[in-house]
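To start, the structure itself, in structure tokens.
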Amino acid sequence: MMNSLTSIWAEARSNPLLLVLWLAVAALAAYVFVNGGYLMAVLQFACIYVVFVAGLNLFMGFTGQVSFGHNAFAAISGYTSAVLTATYGWDPVPAAVLGIGGALACALIVGYPVLRLRGHYLAMATLAIGLIAYEVAVQWDSVTQGYMGISGIAPLGVGRWTITSDRGILIFLIVVALLSLLMVRGIRRSRLGRSFVAVAGSEDAARALGIDVARTKLLAFLISAGYAAVAGSLFVHAVGFVSPEVFGLHMVVLAFTMLYVGGIGTIVGPVFGAVIVALLPETFRGFKEYQDLAYGAALVLILIYTPRGLVSLPDLWRRRKAAQKTDVQQTSARQGGAA
Amino acid sequence: MTAAVEPSRILSVEGLSARYGHVEALHPVDLHVEAGELVAVLGPNGAGKSTLMRALMGLVPTQGSVAFHGHAVPRRNPAKAAAMGLVLVPEGRGIFAPMTVAENLELGAYLLNDKQEFARRHDRVMTLFPRLKERLAQTAGSLSGGEQQMLAVGRALMSDPKLLLLDEPSLGLAPRVIEEILQTLGELNRAGLPIILVEQKAPLVLTLARRAYIMSVGSIAAEIDPRQVKSHDELAHFYLG
């Protein structure tokens with residue numbers, strides 16, 4: 001832990017622009033922590049999405065697969081948490097653990113056949129999983145209460161010790177988000193993580209090195225489903241309410257946007273993606289009916305200027321500086337030639 | 001490992017064929033490799049050389065038998081073939097561009113759990129390719145073509161191959177770089193590593209190889225002794241039929 005913190009620091013020092021991004025996020029968190037208000041909810045939401053997107057990033061960014069259906073795993077654990085605590089009076093922790101376990105079991109059953117597919121076919125099959133989960137949440141009225149949703153879900157906590165204040169929830173979510181990132185980082189630097197990236201690079205080359213490609217993909221799918229499930233449970237306990245829309249297709253669209261805006265396949269990309277994408281609509285609140293237009297335009301601009309995500313900003317900066325340097329060299333060389 | 005005093009057959013392939021869907025890309029072929037040998041597989045583009053390499057590894061659906069050191073190499077199980085010591089450096093190198101050189105090398109020893117053995121193999125690769133040592137922290141995609149080929153060979157050596165399969169290592173490289181890489185391969189072979197070297201540019205490997213198979217339209221057309229080939233015309237005869 002200490003080790004990885006020092007290496008993060010070393011990385012940040014060698015990459016000042018990234019450090020600025022980190023400081024901006026930290027400053028925002030501090031500001032919100034002190035002043036509270038509506039931004040508190042926005043930042044809590046962003047933290048939960050950091051967990052969800054960090055997991056999706058393992059499957060899509062590192063392993064090179066695609067899933068439009070990870071909302072299903074968030075829904076399974078989220079609804080399990082909600083029903084067990086609100087309807088049956090369970091404690092949040094066992095409810096969440098059962099929910100996450102259930103989501104992983106489903107991921108195993110679904111993942112085994114579905115991961116034989118590739119590319120667009122995998123995208124379609126996973127999309128179907130997400131849609132099915134949504135339909136079940138809507139139609140299984142007796143348990144999920146349909147569109148009405150479930151309210152009165154127990155807050156985060158163990159026994160009598162619960163986190164109910166907005167500030168407490170924010171701190172807890174920030175800690176969970178950071179831990180999930182550190183875990184992604186640990187995985188990426190392990191043999192397992194290297195096999196993920198190898199599968200993304202070339203399945204045949206990975207096989208020829210002795211990597212069991214099907215097993216590797218399944219593991220990536222399971223781990224990312226686990227992250228989605230944690231995010232699902234966090235959401236319902238933090239907000240205290242759940243309805244099918246919470247885990248609908250919108251969740252997938254949002255997560256994809258965060259993943260690409262932040263920087264797919266990078267370790268910290270999900271943080272910047274989640275924070276920016278959660279904040280942008282609020283920033284343009286003053287635009288009233290043009291809010292969505294401004295939001296969309298801002299996203300397009302970000303993706304045009306940092307096609308590999310906000311995390312690639314420092315590279316952009318470096319390249320620009322390098323280009324200027326060679327420009328200067330060429331100009332002076334030309335002038336030298338003329339003289 | 002020292003070169004065996006008595007040549008013995010390490011790889012024998014009988015009636016191996018491979019198909020992509022309905023197309024038989026490799027018609028049944030027989031071939032063999034003796035201990036310590038460097039065997040060339042020559043032939044024009046589309047002759048089935050790469051398919052033969054992929055079939056040996058079990059990367060494509062095959063018929064026929066492949067025996068390595070007396071054990072059958074299972075079909076469609078490249079991970080098992082790799083564990084048996086058959087290691088392929090694929091056409092186009094198959095290195096993982098977004099990962100660092102060090103990570104690529106680590107992946108070569110994916111099946112290895114022994115730290116000391118890992119260090120031994122790593123040292124050997126660093127001695128063989130000093131240029132990789134300077135580039136360990138760089139991403140593999142940022143290397144030059146020659147360095148990438150060195151990395152591909154280095155990564156294969158990390159899995160301690162008992163037979164190295166090389167698919168067109170010269171592809172897209174400058175003549176000087178090709179020479180350097182072939183020289184290294186020659187060194188490895190003289191140290192006792194059996195190699196099957198696939199090449200389109202025949203003259204490159206004829207000085208290295210003890211035997212050569214000539215492939216044409218999906219089957220082996222001839223087996224030749226490169227030292228007996230006197231002129232390019234004679235070689236062209238094999239190529240063109």
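Each chain of the structure tokens is named A, B, ... in the order shown, its residues numbered from 1; ligands are numbered from 1 in display order.
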Could you give me, as CSV, a per-residue list for chain B showing, wherever an atom lies at most 9 Å from an atom of chain A, the closest pair of atoms and their distance in Å to one decimal, using only C-alpha atoms and sorting by chain then residue number from low to high?
```
residue,atom,partner,partner_atom,distance
B:Met57,CA,A:Ala208,CA,7.2
B:Gly58,CA,A:Ala208,CA,9.0
B:Leu59,CA,A:Asp204,CA,7.0
B:Asn77,CA,A:Arg207,CA,8.3
B:Pro78,CA,A:Ala208,CA,5.5
B:Ala79,CA,A:Gly210,CA,3.7
B:Lys80,CA,A:Gly210,CA,6.8
B:Ala81,CA,A:Ala208,CA,7.9
B:Ala82,CA,A:Gly210,CA,5.4
B:Ala83,CA,A:Gly210,CA,6.5
B:Leu86,CA,A:Ala208,CA,8.7
B:Val87,CA,A:Ala208,CA,6.8
B:Leu88,CA,A:Ala208,CA,6.4
B:Val89,CA,A:Ala205,CA,8.2
B:Pro90,CA,A:Ala205,CA,7.1
B:Arg93,CA,A:Ala205,CA,8.6
B:Gly94,CA,A:Ala205,CA,5.6
B:Ile95,CA,A:Ala205,CA,7.7
B:Phe96,CA,A:Gly201,CA,5.6
B:Ala97,CA,A:Gly201,CA,7.5
B:Pro98,CA,A:Val197,CA,8.0
B:Met99,CA,A:Val197,CA,7.6
B:Glu103,CA,A:Arg194,CA,7.1
B:Asn104,CA,A:Arg194,CA,8.3
B:Glu106,CA,A:Arg191,CA,8.1
B:Leu107,CA,A:Arg194,CA,6.9
B:Gly108,CA,A:Leu209,CA,6.1
B:Ala109,CA,A:Leu209,CA,7.9
B:Tyr110,CA,A:Leu209,CA,6.8
B:Leu111,CA,A:Gly210,CA,6.5
B:Arg155,CA,A:Leu209,CA,9.0
B:Ala156,CA,A:Leu209,CA,7.9
B:Ser159,CA,A:Leu209,CA,7.6
```
Go through range 33-191 of chain B and collect every residue that DSSP, computed from the backbone, puts in strand (DSSP E); the answer should be as a PyMOL selection string. chain B and resi 33-34+38-42+62-68+71-72+86-89+163-167
Do you have the CA of Ala72 in chain A-CA of Ala103 in chain A distance handy?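 We find that CA of Ala72 in chain A and CA of Ala103 in chain A lie 8.2 Å from each other.
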Residue among B:Ile195, B:Val39, B:Ile224, B:Ala55 lying closest to Ser17 in chain B, counting only C-alpha atoms: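 Selected residue with least distance to Ser17 in chain B: B:Ala55.
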Range 107-250 of chain A: which residues are alpha helix (DSSP H) by DSSP, as a PyMOL selection string? chain A and resi 107-114+119-139+141-144+166-188+191-201+203-208+213-239+249-250
Would you mind telling me which residue in A:Val83, A:Val32, A:Leu122, A:Leu131 lies nearest to Ile153 in chain A when using only C-alpha atoms?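 Checking each of A:Val83, A:Val32, A:Leu122, A:Leu131 against Ile153 in chain A, counting only C-alpha atoms, the winner is A:Val83.
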Pick out the residues sitting within 9 Å of Leu157 in chain B, and hand them over as a PyMOL selection string; count only C-alpha atoms, and ignore anything fewer than 3 positions along from it in its own chain. chain B and resi 87+105+108-109+121-122+124-125+152-154+160-161+164
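The nearest approach to Pro92 in chain A among the residues A:Gly78, A:Gly286, A:Gly64, A:Gly69, with only C-alpha atoms taken into account, belongs to A:Gly78.
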Compile the contact shell of His70 in chain A as a VMD selection string: residues with an atom at most 12 Å away, counting only C-alpha atoms, same-chain residues fewer than 5 positions apart removed. chain A and resid 52 to 57 59 to 60 75 to 77 103 to 104 106 to 107 110 to 111 123 125 to 134 221 to 232 247 to 256
Atoms to include: C-alpha atoms. Write the selected residues as a short mmCIF file (atom, residue, chain, number, x, y, z; two decimals), in the first residue's frame.
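Once written, part.cif looks like this:
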```cif
data_model
loop_
_atom_site.label_atom_id
_atom_site.label_comp_id
_atom_site.auth_asym_id
_atom_site.auth_seq_id
_atom_site.Cartn_x
_atom_site.Cartn_y
_atom_site.Cartn_z
CA PHE A 52 -18.36 0.94 -11.97
CA VAL A 53 -16.19 2.41 -14.75
CA ALA A 54 -12.92 1.15 -13.22
CA GLY A 55 -14.33 -2.37 -13.48
CA LEU A 56 -15.65 -1.87 -17.00
CA ASN A 57 -12.21 -0.56 -17.91
CA PHE A 59 -12.89 -5.73 -19.29
CA MET A 60 -12.98 -3.22 -22.13
CA ALA A 75 -28.99 -4.09 -10.84
CA ILE A 76 -28.78 -7.60 -9.37
CA SER A 77 -26.70 -6.54 -6.37
CA ALA A 103 -24.30 -10.89 -9.38
CA LEU A 104 -21.04 -12.84 -9.69
CA CYS A 106 -25.05 -14.66 -12.76
CA ALA A 107 -21.93 -13.27 -14.45
CA VAL A 110 -23.95 -15.72 -18.51
CA GLY A 111 -20.27 -15.11 -19.22
CA ALA A 123 -21.88 -6.20 -27.80
CA ALA A 125 -25.43 -10.30 -26.44
CA THR A 126 -24.34 -8.19 -23.47
CA LEU A 127 -26.83 -5.48 -24.44
CA ALA A 128 -29.53 -8.13 -24.21
CA ILE A 129 -28.39 -9.07 -20.68
CA GLY A 130 -28.75 -5.45 -19.58
CA LEU A 131 -32.19 -5.13 -21.18
CA ILE A 132 -33.38 -8.37 -19.57
CA ALA A 133 -32.26 -7.16 -16.13
CA TYR A 134 -34.15 -3.91 -16.69
CA PHE A 221 -15.61 -10.41 -17.08
CA LEU A 222 -16.12 -11.69 -13.53
CA ILE A 223 -13.87 -9.10 -11.91
CA SER A 224 -15.52 -6.27 -13.82
CA ALA A 225 -18.95 -7.65 -12.94
CA GLY A 226 -17.82 -7.65 -9.31
CA TYR A 227 -16.94 -3.95 -9.57
CA ALA A 228 -20.34 -3.26 -11.17
CA ALA A 229 -22.06 -5.15 -8.36
CA VAL A 230 -20.20 -3.19 -5.67
CA ALA A 231 -21.22 0.04 -7.42
CA GLY A 232 -24.85 -1.16 -7.54
CA PHE A 247 -29.75 0.68 -13.61
CA GLY A 248 -31.21 1.18 -17.09
CA LEU A 249 -29.49 1.69 -20.41
CA HIS A 250 -28.71 5.22 -19.28
CA MET A 251 -26.16 3.76 -16.86
CA VAL A 252 -24.33 2.08 -19.73
CA VAL A 253 -24.30 5.22 -21.87
CA LEU A 254 -23.01 7.26 -18.96
CA ALA A 255 -20.30 4.71 -18.09
CA PHE A 256 -19.14 4.53 -21.72
#
```
CA of Thr127 in chain B to CA of Gly192 in chain B, straight-line distance in Å: 17.0 Å
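Nearest-residue note for Leu170 in chain A: choosing from A:Ile304, A:Leu43, A:Ala95, A:Val138, the minimum distance belongs to A:Leu43, counting only C-alpha atoms.
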Find the spatial neighbours of Leu39 in chain A, counting only C-alpha atoms, within a cut-off of 12 Å - ignore same-chain residues fewer than 4 positions away - and output them as an MDAnalysis selection string. chainID A and resid 28:35 43:46 166:167 170 275 278:283
Å distance separating CA of Leu182 in chain B from CA of Glu199 in chain B, one decimal place: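 Computed distance, CA of Leu182 in chain B to CA of Glu199 in chain B, equals 11.3 Å.
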Skipping near chain neighbours, those fewer than 3 positions away, what residues fall within 12 Å of Met215 in chain B using only C-alpha atoms, listed as a PyMOL selection string? chain B and resi 25-31+40-52+198-200+202+212+218-224+235+238-241
Dump as a compact mmCIF listing (two decimals), in the first residue's frame, selection limited to C-alpha atoms:
```txt
# COMPACT_ATOMS: atom_id res chain seq x y z
CA ALA B 25 -5.07 -24.36 -46.75
CA LEU B 26 -2.57 -27.07 -45.92
CA HIS B 27 -2.73 -30.43 -47.70
CA PRO B 28 -1.40 -33.42 -45.75
CA VAL B 29 2.33 -32.92 -45.20
CA ASP B 30 5.05 -35.03 -43.61
CA LEU B 31 8.15 -33.49 -42.11
CA ALA B 40 14.16 -23.85 -43.32
CA VAL B 41 10.68 -23.79 -44.80
CA LEU B 42 10.77 -21.86 -48.05
CA GLY B 43 8.18 -20.95 -50.58
CA PRO B 44 6.36 -18.09 -52.24
CA ASN B 45 3.61 -16.04 -50.67
CA GLY B 46 0.47 -18.10 -50.05
CA ALA B 47 2.27 -21.45 -50.16
CA GLY B 48 0.94 -22.37 -46.70
CA LYS B 49 4.09 -21.78 -44.68
CA SER B 50 2.38 -19.74 -41.96
CA THR B 51 -0.51 -22.17 -41.88
CA LEU B 52 1.97 -24.99 -41.33
CA VAL B 198 10.04 -19.89 -42.39
CA GLU B 199 11.19 -17.54 -45.09
CA GLN B 200 10.04 -16.17 -48.38
CA ALA B 202 15.27 -18.08 -49.70
CA ALA B 212 15.05 -26.97 -46.34
CA GLY B 218 -0.38 -25.81 -49.63
CA SER B 219 1.94 -28.77 -49.69
CA ILE B 220 5.61 -29.65 -49.43
CA ALA B 221 6.99 -29.84 -52.96
CA ALA B 222 10.52 -30.90 -52.14
CA GLU B 223 13.12 -31.37 -49.48
CA ILE B 224 16.54 -30.05 -50.39
CA LEU B 235 15.96 -22.76 -56.62
CA PHE B 238 11.50 -25.50 -57.11
CA TYR B 239 9.52 -22.34 -56.59
CA LEU B 240 7.91 -22.30 -59.99
CA GLY B 241 7.61 -26.03 -60.65
```
